[in-house]
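Trainee: Here you go, this is query-v4.cif (mmCIF, C-alpha atoms and all ligand atoms).
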data_data
loop_
_atom_site.label_atom_id
_atom_site.label_comp_id
_atom_site.auth_asym_id
_atom_site.auth_seq_id
_atom_site.Cartn_x
_atom_site.Cartn_y
_atom_site.Cartn_z
CA ALA A 106 0.00 0.00 0.00
CA ALA A 107 2.87 2.35 0.81
CA LEU A 108 4.41 1.47 -2.55
CA GLU A 109 1.15 2.19 -4.35
CA ARG A 110 0.88 5.54 -2.65
CA ASP A 111 4.43 6.46 -3.61
CA ILE A 112 4.22 5.42 -7.22
CA HIS A 113 2.12 8.49 -8.12
CA ALA A 114 4.84 10.77 -6.84
CA ALA A 115 7.54 8.61 -8.42
CA VAL A 116 5.97 8.84 -11.87
CA ALA A 117 5.33 12.57 -11.54
CA GLY A 118 8.83 13.17 -10.18
CA ARG A 119 10.45 10.75 -12.66
CA HIS A 120 12.23 8.83 -9.92
CA PHE A 121 13.22 6.11 -12.34
CA GLU A 122 16.55 5.17 -13.84
CA VAL A 123 17.38 3.01 -16.78
CA HIS A 124 20.28 0.59 -16.49
CA TYR A 125 21.81 -1.24 -19.44
CA GLN A 126 22.95 -4.84 -19.55
CA PRO A 127 25.44 -5.42 -22.39
CA ILE A 128 24.52 -7.94 -25.08
CA VAL A 129 27.75 -9.43 -26.35
CA ARG A 130 28.79 -11.52 -29.34
CA VAL A 131 29.49 -15.15 -28.49
CA ASP A 132 32.29 -15.59 -31.08
CA GLN A 133 34.32 -12.59 -29.86
CA PRO A 134 34.03 -10.30 -26.84
CA VAL A 135 32.40 -7.39 -28.67
CA ILE A 136 29.36 -5.54 -27.30
CA ALA A 137 26.55 -5.44 -29.87
CA GLY A 138 23.99 -3.62 -27.77
CA ALA A 139 22.16 -3.64 -24.47
CA GLU A 140 18.89 -4.51 -22.79
CA ALA A 141 17.39 -1.48 -21.04
CA LEU A 142 16.13 -2.33 -17.55
CA LEU A 143 14.09 0.11 -15.50
CA ARG A 144 14.73 0.73 -11.80
CA TRP A 145 12.71 2.78 -9.35
CA ARG A 146 14.88 4.68 -6.90
CA ARG A 147 12.81 4.97 -3.71
CA GLU A 148 14.39 6.33 -0.54
CA GLY A 149 17.83 5.34 -1.72
CA GLU A 150 16.76 1.80 -2.54
CA LEU A 151 16.38 0.36 -6.05
CA ILE A 152 13.06 -1.39 -6.63
CA SER A 153 12.78 -4.04 -9.35
CA PRO A 154 10.42 -3.69 -12.31
CA GLY A 155 9.10 -7.13 -11.39
CA VAL A 156 7.47 -5.32 -8.44
CA PHE A 157 6.42 -1.96 -9.85
CA ILE A 158 5.50 -2.76 -13.49
CA PRO A 159 2.45 -4.84 -12.45
CA MET A 160 1.46 -2.02 -10.07
CA CYS A 161 1.77 0.55 -12.85
CA GLU A 162 -0.37 -1.61 -15.08
CA GLU A 163 -3.10 -1.93 -12.49
CA MET A 164 -3.03 1.77 -11.72
CA ASN A 165 -2.98 2.78 -15.38
CA PHE A 166 0.46 4.32 -15.28
CA ILE A 167 1.98 2.05 -17.85
CA GLN A 168 1.80 4.60 -20.69
CA ASP A 169 3.60 7.14 -18.49
CA ILE A 170 6.26 4.59 -17.65
CA THR A 171 6.78 3.78 -21.33
CA VAL A 172 7.25 7.48 -22.16
CA LEU A 173 9.62 7.85 -19.23
CA LEU A 174 11.64 4.82 -20.34
CA LEU A 175 11.87 5.93 -23.97
CA ASP A 176 12.80 9.47 -22.92
CA ALA A 177 15.69 8.13 -20.92
CA VAL A 178 16.79 5.71 -23.66
CA ALA A 179 16.61 8.43 -26.35
CA ARG A 180 18.65 10.78 -24.17
CA ASP A 181 21.28 8.09 -23.46
CA VAL A 182 21.46 7.00 -27.11
CA ALA A 183 22.06 10.63 -28.14
CA ALA A 184 24.84 10.99 -25.55
CA TRP A 185 26.50 7.77 -26.76
CA ARG A 186 26.18 8.86 -30.39
CA ALA A 187 28.03 12.08 -29.53
CA GLU A 188 30.91 9.77 -28.48
CA GLY A 189 30.71 7.84 -31.75
CA GLN A 190 28.85 4.85 -30.27
CA THR A 191 25.64 3.47 -31.78
CA PRO A 192 24.74 0.29 -29.85
CA HIS A 193 21.39 -1.39 -30.44
CA VAL A 194 19.09 -1.08 -27.39
CA SER A 195 16.14 -3.32 -26.60
CA VAL A 196 13.32 -2.48 -24.22
CA ASN A 197 10.82 -4.80 -22.53
CA ILE A 198 7.18 -4.42 -23.43
CA SER A 199 4.62 -6.03 -21.12
CA ALA A 200 1.51 -7.87 -22.27
CA VAL A 201 -0.66 -4.95 -21.18
CA GLN A 202 1.36 -2.46 -23.22
CA PHE A 203 1.46 -4.79 -26.18
CA SER A 204 -2.32 -5.33 -26.16
CA ASP A 205 -2.92 -1.66 -26.99
CA PRO A 206 -3.82 -1.70 -30.72
CA SER A 207 -2.19 1.71 -31.19
CA PHE A 208 1.05 0.69 -29.46
CA HIS A 209 3.18 0.89 -32.64
CA GLU A 210 1.73 4.32 -33.52
CA ARG A 211 2.38 5.72 -30.05
CA LEU A 212 5.89 4.35 -30.18
CA ALA A 213 6.61 5.90 -33.60
CA HIS A 214 5.29 9.21 -32.31
CA ILE A 215 7.43 9.21 -29.16
CA LEU A 216 10.59 8.23 -31.07
CA ALA A 217 10.04 10.85 -33.77
CA ALA A 218 9.57 13.55 -31.12
CA ARG A 219 12.94 12.54 -29.62
CA SER A 220 14.80 12.00 -32.93
CA MET A 221 15.62 8.44 -31.92
CA PRO A 222 16.61 6.22 -34.88
CA ARG A 223 14.08 3.40 -35.04
CA GLU A 224 16.62 0.86 -36.30
CA GLN A 225 18.51 1.30 -33.05
CA LEU A 226 15.56 0.24 -30.89
CA GLY A 227 14.38 -3.32 -30.39
CA LEU A 228 11.30 -4.55 -28.54
CA GLU A 229 11.30 -7.59 -26.23
CA ILE A 230 7.96 -9.31 -25.92
CA THR A 231 7.08 -12.49 -24.05
CA GLU A 232 5.33 -15.44 -25.65
CA THR A 233 2.46 -14.97 -23.24
CA ALA A 234 1.94 -11.41 -24.49
CA ILE A 235 1.86 -12.62 -28.08
CA MET A 236 -0.41 -15.57 -27.42
CA SER A 237 -3.02 -13.74 -25.37
CA LYS A 238 -4.21 -12.00 -28.57
CA PRO A 239 -2.42 -13.67 -31.47
CA GLU A 240 -4.11 -11.76 -34.31
CA LEU A 241 -3.57 -8.36 -32.76
CA ALA A 242 0.00 -9.39 -31.97
CA ALA A 243 0.70 -10.44 -35.55
CA ASN A 244 -0.57 -7.10 -36.79
CA THR A 245 1.44 -5.06 -34.28
CA LEU A 246 4.59 -7.09 -34.95
CA ARG A 247 4.24 -6.50 -38.68
CA HIS A 248 4.00 -2.74 -38.09
CA LEU A 249 6.99 -2.76 -35.76
CA ARG A 250 9.08 -4.58 -38.35
CA GLU A 251 7.99 -2.14 -41.07
CA GLN A 252 9.06 0.68 -38.76
CA GLY A 253 12.55 -0.83 -38.69
CA HIS A 254 12.60 -2.35 -35.19
CA THR A 255 13.96 -5.72 -34.21
CA VAL A 256 11.53 -7.84 -32.21
CA SER A 257 12.68 -10.46 -29.72
CA ILE A 258 10.67 -13.16 -28.08
CA ASP A 259 11.74 -12.93 -24.43
CA ASP A 260 11.93 -15.71 -21.84
CA PHE A 261 11.60 -18.30 -24.61
CA GLY A 262 10.72 -21.72 -23.30
CA THR A 263 9.03 -20.63 -20.09
CA GLY A 264 5.47 -20.06 -21.32
CA TYR A 265 3.22 -22.07 -23.57
CA SER A 266 5.98 -22.37 -26.08
CA SER A 267 4.88 -23.40 -29.43
CA LEU A 268 7.54 -23.79 -32.02
CA ARG A 269 4.96 -22.75 -34.53
CA ASN A 270 4.90 -19.24 -33.02
CA LEU A 271 8.45 -18.72 -34.16
CA GLN A 272 7.44 -19.36 -37.72
CA ARG A 273 4.07 -17.68 -37.61
CA PHE A 274 5.05 -14.29 -36.20
CA PRO A 275 7.49 -11.85 -37.84
CA LEU A 276 10.18 -12.02 -35.15
CA THR A 277 13.89 -11.30 -35.57
CA THR A 278 15.38 -12.68 -32.37
CA LEU A 279 14.90 -15.44 -29.84
CA LYS A 280 16.05 -14.94 -26.24
CA ILE A 281 16.69 -18.17 -24.38
CA ASP A 282 15.54 -17.80 -20.78
CA ARG A 283 18.17 -17.90 -18.09
CA GLN A 284 16.65 -20.93 -16.38
CA PHE A 285 17.88 -23.00 -19.34
CA ILE A 286 21.35 -21.51 -19.08
CA SER A 287 21.61 -22.16 -15.35
CA GLY A 288 20.43 -25.71 -16.11
CA LEU A 289 23.18 -26.50 -18.63
CA GLY A 290 24.69 -28.96 -16.15
CA SER A 291 21.96 -31.38 -17.18
CA ARG A 292 22.30 -33.38 -20.38
CA GLU A 293 18.59 -32.96 -21.20
CA THR A 294 18.77 -29.18 -20.81
CA ARG A 295 21.83 -29.07 -23.05
CA ALA A 296 19.83 -30.97 -25.69
CA ILE A 297 16.94 -28.47 -25.42
CA VAL A 298 19.21 -25.44 -25.70
CA LYS A 299 21.16 -26.87 -28.59
CA ALA A 300 18.00 -27.79 -30.50
CA SER A 301 16.38 -24.39 -29.79
CA ILE A 302 19.39 -22.55 -31.19
CA ALA A 303 19.56 -24.75 -34.28
CA MET A 304 15.85 -24.36 -34.91
CA ALA A 305 15.84 -20.58 -34.44
CA LYS A 306 18.79 -20.19 -36.77
CA GLY A 307 17.13 -22.45 -39.30
CA LEU A 308 14.19 -20.05 -39.24
CA GLY A 309 16.52 -17.08 -39.82
CA LEU A 310 16.31 -15.70 -36.27
CA SER A 311 19.29 -14.54 -34.26
CA VAL A 312 19.67 -16.00 -30.78
CA VAL A 313 20.54 -14.34 -27.46
CA ALA A 314 21.24 -16.47 -24.37
CA GLU A 315 20.29 -14.81 -21.08
CA GLY A 316 21.79 -15.18 -17.63
CA VAL A 317 25.21 -16.49 -18.64
CA GLU A 318 27.27 -16.65 -15.44
CA ARG A 319 30.00 -19.24 -16.06
CA PRO A 320 32.73 -19.64 -18.68
CA GLU A 321 31.66 -23.22 -19.42
CA GLU A 322 28.16 -21.98 -20.30
CA LEU A 323 29.68 -19.59 -22.84
CA ASP A 324 31.84 -22.43 -24.24
CA PHE A 325 28.73 -24.54 -24.76
CA LEU A 326 26.92 -21.64 -26.47
CA ARG A 327 29.90 -21.16 -28.78
CA ASP A 328 29.75 -24.85 -29.75
CA CYS A 329 26.04 -24.38 -30.52
CA ARG A 330 26.78 -21.28 -32.64
CA CYS A 331 24.58 -19.05 -30.50
CA ASP A 332 24.95 -15.43 -31.71
CA PHE A 333 24.83 -13.29 -28.55
CA TYR A 334 24.72 -13.57 -24.77
CA GLN A 335 24.12 -11.42 -21.72
CA GLY A 336 24.73 -12.19 -18.08
CA PHE A 337 26.86 -11.59 -15.04
CA LEU A 338 29.83 -13.34 -16.72
CA PHE A 339 30.29 -10.24 -18.87
CA SER A 340 28.41 -7.58 -16.88
CA PRO A 341 25.24 -6.92 -14.90
CA ALA A 342 23.05 -3.97 -15.93
CA VAL A 343 25.03 -0.75 -15.38
CA THR A 344 24.32 2.98 -15.64
CA ALA A 345 24.32 4.71 -19.04
CA GLN A 346 27.66 6.28 -18.21
CA ASP A 347 29.25 2.96 -17.24
CA PHE A 348 27.83 1.33 -20.36
CA LEU A 349 29.49 4.04 -22.47
CA ALA A 350 32.77 3.35 -20.68
CA LEU A 351 32.46 -0.35 -21.61
CA LEU A 352 31.87 0.61 -25.26
CA LEU A 353 34.81 3.01 -25.36
CA ARG A 354 37.12 0.52 -23.65
CA GLN A 355 36.74 -1.99 -26.48
CA GLN A 356 38.09 0.37 -29.17
O1 LIG B 401 16.31 -6.21 -14.04
P1 LIG B 401 15.37 -7.08 -13.30
O2 LIG B 401 15.81 -8.42 -12.91
O3 LIG B 401 14.89 -6.40 -12.07
O4 LIG B 401 14.09 -7.24 -14.23
C1 LIG B 401 12.96 -7.92 -13.79
C2 LIG B 401 11.93 -8.05 -14.87
O5 LIG B 401 11.37 -6.77 -15.22
C3 LIG B 401 12.49 -8.63 -16.16
O6 LIG B 401 11.68 -9.72 -16.50
C4 LIG B 401 12.34 -7.54 -17.19
O7 LIG B 401 11.93 -8.08 -18.42
C5 LIG B 401 11.27 -6.63 -16.62
N1 LIG B 401 11.52 -5.24 -17.01
C6 LIG B 401 12.65 -4.53 -16.85
N2 LIG B 401 12.52 -3.28 -17.35
C7 LIG B 401 11.26 -3.22 -17.86
C8 LIG B 401 10.50 -2.21 -18.54
O8 LIG B 401 10.98 -1.11 -18.82
N3 LIG B 401 9.22 -2.51 -18.91
C9 LIG B 401 8.67 -3.72 -18.67
N4 LIG B 401 7.41 -3.93 -19.07
N5 LIG B 401 9.33 -4.70 -18.03
C10 LIG B 401 10.61 -4.47 -17.64
O1 LIG B 402 13.08 -11.17 -17.94
P1 LIG B 402 14.24 -10.40 -18.46
O2 LIG B 402 15.18 -11.28 -19.19
O3 LIG B 402 13.88 -9.21 -19.28
O4 LIG B 402 15.04 -9.87 -17.20
C1 LIG B 402 16.38 -9.74 -17.11
C2 LIG B 402 16.71 -9.95 -15.66
O5 LIG B 402 17.72 -10.91 -15.49
C3 LIG B 402 17.18 -8.70 -14.98
O6 LIG B 402 16.49 -8.58 -13.81
C4 LIG B 402 18.63 -8.95 -14.71
O7 LIG B 402 19.06 -8.30 -13.52
C5 LIG B 402 18.68 -10.46 -14.55
N1 LIG B 402 19.97 -11.03 -14.90
C6 LIG B 402 20.77 -10.59 -15.90
N2 LIG B 402 21.89 -11.35 -15.99
C7 LIG B 402 21.78 -12.30 -15.05
C8 LIG B 402 22.63 -13.39 -14.66
O8 LIG B 402 23.69 -13.66 -15.23
N3 LIG B 402 22.19 -14.15 -13.63
C9 LIG B 402 21.03 -13.90 -12.98
N4 LIG B 402 20.70 -14.70 -11.99
N5 LIG B 402 20.20 -12.89 -13.33
C10 LIG B 402 20.57 -12.09 -14.35
MN MN B 403 14.03 -8.97 -21.40
NA NA B 404 14.16 -12.72 -20.32
#
Would you kindly transcribe this structure into structure tokens?
Ligand code: G
Ligand code: G
Ligand code: MN
Ligand code: NA

Mentor:
Amino acid sequence: AALERDIHAAVAGRHFEVHYQPIVRVDQPVIAGAEALLRWRREGELISPGVFIPMCEEMNFIQDITVLLLDAVARDVAAWRAEGQTPHVSVNISAVQFSDPSFHERLAHILAARSMPREQLGLEITETAIMSKPELAANTLRHLREQGHTVSIDDFGTGYSSLRNLQRFPLTTLKIDRQFISGLGSRETRAIVKASIAMAKGLGLSVVAEGVERPEELDFLRDCRCDFYQGFLFSPAVTAQDFLALLLRQQ
């Protein structure tokens, strides 16, 4: 209840920060982009989006949060560009946001107002969000692709995964959920991950493995020809400034 009371003030006062987790090539240690992750700074403490995003959805603040997020991303992208850096950035879109039929139009409008190149922004959507309204989702995805965005299916393998969804919807990227990566000690899980990567690549998708923490996990992903990874092995999500430092360091 205290959190719900404070979220009004937090949205109005923009007490949110965006952190960036590097997304790195598997074949060589080069940063390709980042996943933008929101944090709410409340009384010196960082609160996870897992807590406040559902609250914002219930309280009808989710549009405000999206604007806030894209404002911050556009500002950070512009600052990085001034330093000669143009990483790809992907943002998470919840099922509630994605079920708005005018989502792609609102997004185009916000990005145009902030001069943010659309090719530099990707959207991460869960299977559950796509499958709750498949026809609407197909339509929105088509628009997003026409607008130049990449579209990832997030947390792949955790929902009602249907392999057919990968073929049926105009996606560009598959993100393998971190529970599969932390499970790579098991032979069965290795078989699932290996087959998922092969299948996605066969369908022309690129593949990102999430939650990579150990060198042997990265070795396995390299054997499977996975394209990209993110995880504590390389870096947790860091501030925009620290992310820029990581980009500049690799030149
Ligand atoms: O970074 P962290 O572990 O706290 O993220 C928790 C969850 O919150 C993740 O599943 C992530 O996808 C989600 N999340 C992070 N940032 C955003 C955001 O800006 N919008 C939405 N809808 N979800 C987000
Ligand atoms: O659901 P989504 O993948 O969007 O959320 C990403 C979440 O995963 C973030 O909350 C981030 O902090 C967390 N995360 C990122 N890398 C790792 C990792 O290597 N290990 C663990 N346990 N969590 C991670
Ligand atoms: Mn994500
Ligand atoms: Na994920």

Trainee: With only C-alpha atoms and all ligand atoms counted, collect every polymer residue having an atom within 6 Å of ligand MN 403 (chain B); state the result as a list in words.

Mentor: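 For ligand MN 403 (chain B), the residues inside 6 Å are Asn197, Glu229 and Asp259 of chain A.
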
Trainee: Of the residues A:Ala350, A:Met221, A:Ala314, A:Ile281, which is the one nearest to A:Arg180, using only C-alpha atoms?

Mentor: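 Closest candidate: A:Met221.
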
Trainee: Just the number, please: distance in Å from atom CA of A:Glu251 to atom CA of A:Thr277, one decimal.

Mentor: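 Between atom CA of A:Glu251 and atom CA of A:Thr277 the gap works out to 12.2 Å.
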
Trainee: Could you check how far atom CA of A:Glu210 sits from atom CA of A:Pro192, in Å to one decimal?

Mentor: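 Here the two named atoms are 23.6 Å from each other.
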
Trainee: Which residue, A:Asp347, A:Glu109, A:Asp332, A:Asp260, has the smallest gap to ligand LIG 401 (chain B) when you use only C-alpha atoms and all ligand atoms?

Mentor: A:Asp260

Trainee: If we count all atoms listed in the file and set the cut-off at 12 Å, which residues sit around A:Leu151, ignoring sequence neighbours fewer than 3 positions away in its own chain? Please answer as a PDB file with C-alpha atoms, keeping the file's coordinate frame.

Mentor:
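Final output, selection.pdb:
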ATOM      1  CA  HIS A 120      12.230   8.830  -9.920  1.00  0.00           C
ATOM      2  CA  PHE A 121      13.220   6.110 -12.340  1.00  0.00           C
ATOM      3  CA  GLU A 122      16.550   5.170 -13.840  1.00  0.00           C
ATOM      4  CA  VAL A 123      17.380   3.010 -16.780  1.00  0.00           C
ATOM      5  CA  HIS A 124      20.280   0.590 -16.490  1.00  0.00           C
ATOM      6  CA  LEU A 142      16.130  -2.330 -17.550  1.00  0.00           C
ATOM      7  CA  LEU A 143      14.090   0.110 -15.500  1.00  0.00           C
ATOM      8  CA  ARG A 144      14.730   0.730 -11.800  1.00  0.00           C
ATOM      9  CA  TRP A 145      12.710   2.780  -9.350  1.00  0.00           C
ATOM     10  CA  ARG A 146      14.880   4.680  -6.900  1.00  0.00           C
ATOM     11  CA  ARG A 147      12.810   4.970  -3.710  1.00  0.00           C
ATOM     12  CA  GLU A 148      14.390   6.330  -0.540  1.00  0.00           C
ATOM     13  CA  PRO A 154      10.420  -3.690 -12.310  1.00  0.00           C
ATOM     14  CA  GLY A 155       9.100  -7.130 -11.390  1.00  0.00           C
ATOM     15  CA  VAL A 156       7.470  -5.320  -8.440  1.00  0.00           C
ATOM     16  CA  PHE A 157       6.420  -1.960  -9.850  1.00  0.00           C
TER      17      PHE A 157
END

Trainee: Residues within 10 Å of ligand NA 404 (chain B) should be enumerated using all atoms listed in the file and returned as a PyMOL selection string.

Mentor: chain A and resi 140+197+229-231+257-261+263+279-284+313-316

Trainee: From the set A:Asn165, A:Gln126, A:Ser199, A:Gln133, which residue has the shortest atom-to-atom contact distance to ligand LIG 401 (chain B), counting all atoms listed in the file?

Mentor: A:Ser199

Trainee: Identify, on the basis of only C-alpha atoms, every residue whose closest approach to stretch 300-302 of chain A does not exceed 10 Å; exclude the query and any residue fewer than 2 positions from it along the same chain; express the result as an mmCIF file with C-alpha atoms, in the coordinates of the input.

Mentor:
data_model
loop_
_atom_site.group_PDB
_atom_site.id
_atom_site.type_symbol
_atom_site.label_atom_id
_atom_site.label_comp_id
_atom_site.auth_asym_id
_atom_site.auth_seq_id
_atom_site.Cartn_x
_atom_site.Cartn_y
_atom_site.Cartn_z
ATOM 1 C CA PHE A 261 11.600 -18.300 -24.610
ATOM 2 C CA GLY A 262 10.720 -21.720 -23.300
ATOM 3 C CA LEU A 268 7.540 -23.790 -32.020
ATOM 4 C CA LEU A 279 14.900 -15.440 -29.840
ATOM 5 C CA LYS A 280 16.050 -14.940 -26.240
ATOM 6 C CA ILE A 281 16.690 -18.170 -24.380
ATOM 7 C CA THR A 294 18.770 -29.180 -20.810
ATOM 8 C CA ARG A 295 21.830 -29.070 -23.050
ATOM 9 C CA ALA A 296 19.830 -30.970 -25.690
ATOM 10 C CA ILE A 297 16.940 -28.470 -25.420
ATOM 11 C CA VAL A 298 19.210 -25.440 -25.700
ATOM 12 C CA MET A 304 15.850 -24.360 -34.910
ATOM 13 C CA ALA A 305 15.840 -20.580 -34.440
ATOM 14 C CA LYS A 306 18.790 -20.190 -36.770
ATOM 15 C CA GLY A 307 17.130 -22.450 -39.300
ATOM 16 C CA LEU A 308 14.190 -20.050 -39.240
ATOM 17 C CA LEU A 310 16.310 -15.700 -36.270
ATOM 18 C CA SER A 311 19.290 -14.540 -34.260
ATOM 19 C CA VAL A 312 19.670 -16.000 -30.780
ATOM 20 C CA VAL A 313 20.540 -14.340 -27.460
ATOM 21 C CA ALA A 314 21.240 -16.470 -24.370
ATOM 22 C CA LEU A 326 26.920 -21.640 -26.470
ATOM 23 C CA CYS A 329 26.040 -24.380 -30.520
ATOM 24 C CA ARG A 330 26.780 -21.280 -32.640
ATOM 25 C CA CYS A 331 24.580 -19.050 -30.500
ATOM 26 C CA ASP A 332 24.950 -15.430 -31.710
#

Trainee: Residues within 6 Å of ligand LIG 402 (chain B) (all atoms listed in the file), as a CSV table (one decimal) with C-alpha atoms, in the coordinates of the input?

Mentor:
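The resulting selection_31.csv:
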chain,number,residue,atom,x,y,z
A,316,GLY,CA,21.8,-15.2,-17.6
A,317,VAL,CA,25.2,-16.5,-18.6
A,318,GLU,CA,27.3,-16.6,-15.4
A,336,GLY,CA,24.7,-12.2,-18.1
A,337,PHE,CA,26.9,-11.6,-15.0
A,341,PRO,CA,25.2,-6.9,-14.9
